[in-house]
Amino acid sequence: MSSAQSIIDALCEKAMHPDRTVAEACKQAGKEAVGFYLYAPEELVYAAGFLPVGIWGGSTEIKLADRYLQGFCCSIMRADIEYGMRGTYNRLRAVMLPTVCDTLKCICENWKVAVPQVPIIPVVYPQNRTLPAGEEYLREEFSRVRRELEDLAGQSVSDAELEAAFAVYETWREAMRAFTKVTSAHPQTVHAKARHLIIKAGYFMDKAQHTREITELTHLLAELPEETCPVRAVATGLVGEPLGVLDSLRENGVAIVADDLAQESRQFRVPARAEGDALSKMVWRIADQKGCPFLYEPEKTRGQKLIDLVRENKADAVITLQMKFCDPDEFDYPIYKAELEAAGIPLLYLEVEQQMDSFGQIGTRIQSLAEMLL
């Protein structure tokens with residue numbers, strides 16, 4: 001049996017080298033890859049015989065993407081267009097993007113011109129996703145995406161194949177919930193950077209393989225003594241990047257013991273309903289997602305979710321990783337900030353973007369938080 005640290009190291013290595021990891025996964029599974037971002041219906045991609053690969057930008061110099069995107073656009077999408085124009089995504093048979101913000105709505109059209117060699121499949125979510133009409137619409141939208149993937153694959157996707165794909169993903173989501181729960185008790189072994197990379201590795205691997213490795217790691221961690229750390233924090237935002245921020249957290253004794261990040265726990269925190277077929281369960285998972293600024297929610301439950309995460313994980317503070325120019329996330333901030341202040345929970349706001357190359361100022365602010373809480 002592998003040691004916990006060896007599995008952690010291997011998964012972190014896979015996350016740090018996505019191109020190599022994807023190539024190995026495609027070869028082992030005998031599949032081609034389809035890229036996706038945010039809340040895309042991965043199960044449809046998996047059922048169609050493709051390997052779903054997360055495209056979440058990266059730390060790269062923007063040169064080509066400026067032809068299509070202004071400097072005030074989300075740095076993740078700027079990086080994705082840059083990678084696409086450079087040919088980094090040429091191994092992908094297609095890219096699937098949900099249009100959940102103004103930038104993503106524009107990207108779908110810009111992509112067709114900027115990266116014509118990689119077809120794009122837009123996914124349009126309903127604003128009123130919890131209404132019966134919204135659920136009916138989303139089911140039809142997922143059915144359209146299914147047909148486009150069938151055309152791409154050159155073969156139909158049976159209901160049995162979709163049910164099997166959904167089962168793979170639901171098993172993965174259950175394994176990830178167990179993993180994030182056990183890491184709260186091991187903030188030294190699974191520090192902020194390692195936690196992020198372990199989760200991120202799943203975007204470049206076959207989900208069944210990632211599930212097996214995560215399940216083994218979870219069992220090994222559960223057998224270890226519980227650990228302490230100077231400061232326990234809950235992270236919220238779009239992504240837990242750039243990595244320099246996570247390095248600063250570790251250097252200052254701050255651990256991420258739970259998260260409300262779109263790239264991390266929001267991907268798997270909602271369990272499927274027991275009833276219905278796979279397509280209905282996929283629709284309901286979107287309807288049941290609460291506290292996410294990218295999905296319309298007039299009740300604004302994010303603040304209470306953060307308060308609950310702090311209390312459940314005995315955290316000392318909340319850290320907002322605010323992606324620069326991410327309007328949906330920015331609009332939420334004043335609301336949950338007031339709720340956290342009323343609950344007496346310290347909040348650190350860090351504005352980040354993927355093209356950052358200097359972390360001195362952020363490190364100073366993290367150090368100040370740690371000193372204030374010690």
# chains A, B, ... in the order shown; residues from 1 in each chain; ligands from 1
call {"tool": "closest_atom_pairs", "arguments": {"of": "region 226-318 of chain A", "to": "region 118-130 of chain A", "cutoff": "8 Å", "atoms": "only C-alpha atoms", "output": "CSV"}}
result
residue,atom,partner,partner_atom,distance
A:Ile286,CA,A:Arg129,CA,7.4
A:Ala287,CA,A:Thr130,CA,5.1
A:Asp288,CA,A:Thr130,CA,7.6
A:Leu295,CA,A:Gln127,CA,7.1
A:Tyr296,CA,A:Gln127,CA,5.7
call {"tool": "select_by_dssp", "arguments": {"residues": "region 236-342 of chain A", "states": "alpha helix (DSSP H)", "output": "VMD selection string"}}
result
chain A and resid 243 to 251 278 to 288 302 to 312 327 to 342
call {"tool": "residues_around", "arguments": {"residues": "region 45-54 of chain A", "least_positions_apart": "3", "cutoff": "7 Å", "atoms": "only C-alpha atoms", "output": "list in words"}}
result
Cys26, Lys31, Glu32, Ala33, Val34, Gly35, Phe36, Tyr37, Glu42, Leu149, Glu150, Ala153, Val157, Glu161, Leu162, Ala165, Tyr203, Phe204 and Asp206 of chain A
call {"tool": "select_by_dssp", "arguments": {"residues": "region 94-293 of chain A", "states": "strand (DSSP E)", "output": "PyMOL selection string"}}
result
chain A and resi 94-98+120-123+231-237+254-261
call {"tool": "closest_atom_pairs", "arguments": {"of": "region 191-248 of chain A", "to": "region 301-319 of chain A", "cutoff": "7 Å", "atoms": "only C-alpha atoms", "output": "CSV"}}
result
residue,atom,partner,partner_atom,distance
A:Val231,CA,A:Asp316,CA,6.3
A:Arg232,CA,A:Ala315,CA,4.7
A:Ala233,CA,A:Ala317,CA,4.9
A:Val234,CA,A:Val318,CA,4.7
A:Ala235,CA,A:Ile319,CA,4.9
A:Thr236,CA,A:Ile319,CA,6.3
call {"tool": "write_last_selection", "arguments": {"atoms": "N, CA, C and O atoms", "output": "compact mmCIF listing (two decimals), in the first residue's frame"}}
result
# COMPACT_ATOMS: atom_id res chain seq x y z
N VAL A 231 -3.24 28.77 12.16
CA VAL A 231 -4.46 29.44 11.70
C VAL A 231 -5.21 28.53 10.74
O VAL A 231 -4.63 28.02 9.78
N ARG A 232 -6.49 28.34 11.01
CA ARG A 232 -7.36 27.54 10.15
C ARG A 232 -8.31 28.49 9.42
O ARG A 232 -8.98 29.30 10.05
N ALA A 233 -8.35 28.38 8.08
CA ALA A 233 -9.16 29.31 7.29
C ALA A 233 -10.05 28.57 6.31
O ALA A 233 -9.77 27.44 5.90
N VAL A 234 -11.13 29.24 5.92
CA VAL A 234 -12.03 28.79 4.86
C VAL A 234 -11.81 29.72 3.67
O VAL A 234 -11.83 30.94 3.82
N ALA A 235 -11.57 29.14 2.49
CA ALA A 235 -11.35 29.94 1.28
C ALA A 235 -12.64 30.03 0.47
O ALA A 235 -13.39 29.06 0.38
N THR A 236 -12.88 31.20 -0.11
CA THR A 236 -14.01 31.37 -1.00
C THR A 236 -13.59 32.16 -2.22
O THR A 236 -12.63 32.94 -2.16
call {"tool": "decode", "arguments": {"residues": "region 33-177 of chain A", "atoms": "C-alpha atoms", "output": "PDB file, in the first residue's frame"}}
result
ATOM      1  CA  ALA A  33     -10.211  14.725 -24.790  1.00  0.00           C
ATOM      2  CA  VAL A  34     -12.908  17.420 -24.631  1.00  0.00           C
ATOM      3  CA  GLY A  35     -12.237  20.551 -22.609  1.00  0.00           C
ATOM      4  CA  PHE A  36     -14.730  22.150 -20.249  1.00  0.00           C
ATOM      5  CA  TYR A  37     -14.986  24.996 -17.780  1.00  0.00           C
ATOM      6  CA  LEU A  38     -16.950  25.580 -14.576  1.00  0.00           C
ATOM      7  CA  TYR A  39     -20.308  23.740 -14.323  1.00  0.00           C
ATOM      8  CA  ALA A  40     -20.274  21.915 -17.637  1.00  0.00           C
ATOM      9  CA  PRO A  41     -22.161  18.596 -17.973  1.00  0.00           C
ATOM     10  CA  GLU A  42     -19.059  16.398 -17.816  1.00  0.00           C
ATOM     11  CA  GLU A  43     -21.107  13.218 -17.590  1.00  0.00           C
ATOM     12  CA  LEU A  44     -22.294  13.737 -21.178  1.00  0.00           C
ATOM     13  CA  VAL A  45     -18.685  14.027 -22.336  1.00  0.00           C
ATOM     14  CA  TYR A  46     -17.712  10.880 -20.423  1.00  0.00           C
ATOM     15  CA  ALA A  47     -20.714   8.945 -21.756  1.00  0.00           C
ATOM     16  CA  ALA A  48     -19.820   9.935 -25.331  1.00  0.00           C
ATOM     17  CA  GLY A  49     -16.451   8.222 -24.913  1.00  0.00           C
ATOM     18  CA  PHE A  50     -14.287  11.295 -24.380  1.00  0.00           C
ATOM     19  CA  LEU A  51     -12.047  12.301 -21.500  1.00  0.00           C
ATOM     20  CA  PRO A  52     -13.371  15.521 -19.900  1.00  0.00           C
ATOM     21  CA  VAL A  53     -10.472  17.928 -19.237  1.00  0.00           C
ATOM     22  CA  GLY A  54     -10.805  21.058 -17.154  1.00  0.00           C
ATOM     23  CA  ILE A  55      -9.532  24.274 -18.732  1.00  0.00           C
ATOM     24  CA  TRP A  56      -9.062  26.827 -15.960  1.00  0.00           C
ATOM     25  CA  GLY A  57      -6.473  29.094 -17.557  1.00  0.00           C
ATOM     26  CA  GLY A  58      -3.025  29.314 -16.048  1.00  0.00           C
ATOM     27  CA  SER A  59      -0.078  31.539 -15.303  1.00  0.00           C
ATOM     28  CA  THR A  60       1.046  32.626 -18.759  1.00  0.00           C
ATOM     29  CA  GLU A  61       2.052  35.799 -20.543  1.00  0.00           C
ATOM     30  CA  ILE A  62      -0.820  37.253 -22.559  1.00  0.00           C
ATOM     31  CA  LYS A  63       0.263  38.219 -26.081  1.00  0.00           C
ATOM     32  CA  LEU A  64      -2.218  36.847 -28.619  1.00  0.00           C
ATOM     33  CA  ALA A  65      -5.459  36.978 -26.626  1.00  0.00           C
ATOM     34  CA  ASP A  66      -5.399  40.788 -26.518  1.00  0.00           C
ATOM     35  CA  ARG A  67      -6.662  40.756 -30.092  1.00  0.00           C
ATOM     36  CA  TYR A  68     -10.025  39.543 -28.827  1.00  0.00           C
ATOM     37  CA  LEU A  69     -10.297  40.319 -25.112  1.00  0.00           C
ATOM     38  CA  GLN A  70      -9.809  43.585 -23.258  1.00  0.00           C
ATOM     39  CA  GLY A  71      -7.490  43.822 -20.284  1.00  0.00           C
ATOM     40  CA  PHE A  72     -10.455  44.046 -17.915  1.00  0.00           C
ATOM     41  CA  CYS A  73     -11.748  40.589 -18.832  1.00  0.00           C
ATOM     42  CA  CYS A  74     -11.315  37.644 -16.464  1.00  0.00           C
ATOM     43  CA  SER A  75      -7.690  36.477 -16.506  1.00  0.00           C
ATOM     44  CA  ILE A  76      -8.792  32.833 -16.669  1.00  0.00           C
ATOM     45  CA  MET A  77     -10.574  33.355 -19.971  1.00  0.00           C
ATOM     46  CA  ARG A  78      -7.760  35.525 -21.284  1.00  0.00           C
ATOM     47  CA  ALA A  79      -5.368  32.677 -20.518  1.00  0.00           C
ATOM     48  CA  ASP A  80      -7.666  30.103 -22.128  1.00  0.00           C
ATOM     49  CA  ILE A  81      -7.879  32.127 -25.346  1.00  0.00           C
ATOM     50  CA  GLU A  82      -4.103  32.583 -25.245  1.00  0.00           C
ATOM     51  CA  TYR A  83      -3.529  28.842 -24.864  1.00  0.00           C
ATOM     52  CA  GLY A  84      -6.038  28.132 -27.624  1.00  0.00           C
ATOM     53  CA  MET A  85      -4.355  30.539 -30.047  1.00  0.00           C
ATOM     54  CA  ARG A  86      -0.923  29.099 -29.253  1.00  0.00           C
ATOM     55  CA  GLY A  87      -2.151  25.590 -30.062  1.00  0.00           C
ATOM     56  CA  THR A  88      -1.923  24.261 -26.511  1.00  0.00           C
ATOM     57  CA  TYR A  89      -5.519  22.980 -26.763  1.00  0.00           C
ATOM     58  CA  ASN A  90      -5.141  21.383 -30.194  1.00  0.00           C
ATOM     59  CA  ARG A  91      -5.329  17.905 -28.639  1.00  0.00           C
ATOM     60  CA  LEU A  92      -8.928  18.682 -27.603  1.00  0.00           C
ATOM     61  CA  ARG A  93     -11.712  17.544 -29.934  1.00  0.00           C
ATOM     62  CA  ALA A  94     -13.910  20.361 -28.642  1.00  0.00           C
ATOM     63  CA  VAL A  95     -14.394  22.761 -25.742  1.00  0.00           C
ATOM     64  CA  MET A  96     -17.606  23.098 -23.742  1.00  0.00           C
ATOM     65  CA  LEU A  97     -18.330  26.417 -22.012  1.00  0.00           C
ATOM     66  CA  PRO A  98     -21.311  27.456 -19.860  1.00  0.00           C
ATOM     67  CA  THR A  99     -22.414  31.052 -20.452  1.00  0.00           C
ATOM     68  CA  VAL A 100     -22.857  32.027 -16.797  1.00  0.00           C
ATOM     69  CA  CYS A 101     -21.291  35.503 -16.954  1.00  0.00           C
ATOM     70  CA  ASP A 102     -20.837  38.341 -19.451  1.00  0.00           C
ATOM     71  CA  THR A 103     -17.267  37.330 -20.297  1.00  0.00           C
ATOM     72  CA  LEU A 104     -18.225  33.719 -21.006  1.00  0.00           C
ATOM     73  CA  LYS A 105     -21.067  34.855 -23.263  1.00  0.00           C
ATOM     74  CA  CYS A 106     -18.536  36.774 -25.346  1.00  0.00           C
ATOM     75  CA  ILE A 107     -15.944  34.003 -25.259  1.00  0.00           C
ATOM     76  CA  CYS A 108     -18.210  31.568 -27.086  1.00  0.00           C
ATOM     77  CA  GLU A 109     -18.255  33.841 -30.149  1.00  0.00           C
ATOM     78  CA  ASN A 110     -14.639  34.995 -29.871  1.00  0.00           C
ATOM     79  CA  TRP A 111     -13.473  31.397 -29.602  1.00  0.00           C
ATOM     80  CA  LYS A 112     -14.911  30.528 -33.014  1.00  0.00           C
ATOM     81  CA  VAL A 113     -12.632  33.096 -34.645  1.00  0.00           C
ATOM     82  CA  ALA A 114      -9.610  32.989 -32.334  1.00  0.00           C
ATOM     83  CA  VAL A 115      -9.403  29.181 -32.010  1.00  0.00           C
ATOM     84  CA  PRO A 116     -11.228  27.811 -35.076  1.00  0.00           C
ATOM     85  CA  GLN A 117      -9.371  24.483 -34.960  1.00  0.00           C
ATOM     86  CA  VAL A 118     -11.129  23.507 -31.703  1.00  0.00           C
ATOM     87  CA  PRO A 119     -14.956  23.489 -31.993  1.00  0.00           C
ATOM     88  CA  ILE A 120     -16.887  25.066 -29.140  1.00  0.00           C
ATOM     89  CA  ILE A 121     -20.096  23.771 -27.559  1.00  0.00           C
ATOM     90  CA  PRO A 122     -21.874  26.471 -25.516  1.00  0.00           C
ATOM     91  CA  VAL A 123     -24.101  25.477 -22.599  1.00  0.00           C
ATOM     92  CA  VAL A 124     -26.753  28.048 -21.700  1.00  0.00           C
ATOM     93  CA  TYR A 125     -28.153  27.698 -18.199  1.00  0.00           C
ATOM     94  CA  PRO A 126     -31.562  29.127 -17.290  1.00  0.00           C
ATOM     95  CA  GLN A 127     -31.615  32.031 -14.870  1.00  0.00           C
ATOM     96  CA  ASN A 128     -34.633  30.695 -12.977  1.00  0.00           C
ATOM     97  CA  ARG A 129     -33.165  27.220 -12.713  1.00  0.00           C
ATOM     98  CA  THR A 130     -35.354  26.055  -9.794  1.00  0.00           C
ATOM     99  CA  LEU A 131     -38.682  26.604 -11.581  1.00  0.00           C
ATOM    100  CA  PRO A 132     -40.267  23.666 -13.444  1.00  0.00           C
ATOM    101  CA  ALA A 133     -39.882  25.634 -16.692  1.00  0.00           C
ATOM    102  CA  GLY A 134     -36.197  26.190 -15.946  1.00  0.00           C
ATOM    103  CA  GLU A 135     -35.655  22.507 -15.267  1.00  0.00           C
ATOM    104  CA  GLU A 136     -37.480  21.552 -18.467  1.00  0.00           C
ATOM    105  CA  TYR A 137     -35.399  24.004 -20.472  1.00  0.00           C
ATOM    106  CA  LEU A 138     -32.123  22.736 -18.983  1.00  0.00           C
ATOM    107  CA  ARG A 139     -33.043  19.148 -19.756  1.00  0.00           C
ATOM    108  CA  GLU A 140     -33.598  20.166 -23.381  1.00  0.00           C
ATOM    109  CA  GLU A 141     -30.285  22.090 -23.369  1.00  0.00           C
ATOM    110  CA  PHE A 142     -28.409  19.064 -22.049  1.00  0.00           C
ATOM    111  CA  SER A 143     -30.120  16.952 -24.718  1.00  0.00           C
ATOM    112  CA  ARG A 144     -28.828  19.357 -27.387  1.00  0.00           C
ATOM    113  CA  VAL A 145     -25.304  19.109 -25.974  1.00  0.00           C
ATOM    114  CA  ARG A 146     -25.666  15.342 -25.981  1.00  0.00           C
ATOM    115  CA  ARG A 147     -26.540  15.422 -29.698  1.00  0.00           C
ATOM    116  CA  GLU A 148     -23.532  17.631 -30.484  1.00  0.00           C
ATOM    117  CA  LEU A 149     -21.245  15.241 -28.621  1.00  0.00           C
ATOM    118  CA  GLU A 150     -22.785  12.312 -30.502  1.00  0.00           C
ATOM    119  CA  ASP A 151     -21.995  14.068 -33.790  1.00  0.00           C
ATOM    120  CA  LEU A 152     -18.451  14.680 -32.561  1.00  0.00           C
ATOM    121  CA  ALA A 153     -18.031  11.028 -31.543  1.00  0.00           C
ATOM    122  CA  GLY A 154     -19.725   9.658 -34.637  1.00  0.00           C
ATOM    123  CA  GLN A 155     -21.959   7.426 -32.539  1.00  0.00           C
ATOM    124  CA  SER A 156     -25.008   7.698 -30.323  1.00  0.00           C
ATOM    125  CA  VAL A 157     -24.936   7.856 -26.524  1.00  0.00           C
ATOM    126  CA  SER A 158     -27.331   5.336 -25.009  1.00  0.00           C
ATOM    127  CA  ASP A 159     -29.271   5.959 -21.823  1.00  0.00           C
ATOM    128  CA  ALA A 160     -27.357   3.067 -20.233  1.00  0.00           C
ATOM    129  CA  GLU A 161     -24.036   4.729 -21.084  1.00  0.00           C
ATOM    130  CA  LEU A 162     -25.217   8.000 -19.574  1.00  0.00           C
ATOM    131  CA  GLU A 163     -26.394   6.232 -16.416  1.00  0.00           C
ATOM    132  CA  ALA A 164     -23.004   4.534 -16.102  1.00  0.00           C
ATOM    133  CA  ALA A 165     -21.155   7.833 -16.616  1.00  0.00           C
ATOM    134  CA  PHE A 166     -23.307   9.556 -14.013  1.00  0.00           C
ATOM    135  CA  ALA A 167     -22.567   6.743 -11.549  1.00  0.00           C
ATOM    136  CA  VAL A 168     -18.825   7.253 -12.089  1.00  0.00           C
ATOM    137  CA  TYR A 169     -19.162  10.953 -11.357  1.00  0.00           C
ATOM    138  CA  GLU A 170     -21.440  10.510  -8.375  1.00  0.00           C
ATOM    139  CA  THR A 171     -18.946   8.060  -6.862  1.00  0.00           C
ATOM    140  CA  TRP A 172     -16.193  10.624  -7.476  1.00  0.00           C
ATOM    141  CA  ARG A 173     -18.215  13.409  -5.844  1.00  0.00           C
ATOM    142  CA  GLU A 174     -18.854  11.247  -2.788  1.00  0.00           C
ATOM    143  CA  ALA A 175     -15.139  10.417  -2.563  1.00  0.00           C
ATOM    144  CA  MET A 176     -14.211  14.100  -2.826  1.00  0.00           C
ATOM    145  CA  ARG A 177     -16.613  15.090  -0.046  1.00  0.00           C
TER     146      ARG A 177
END
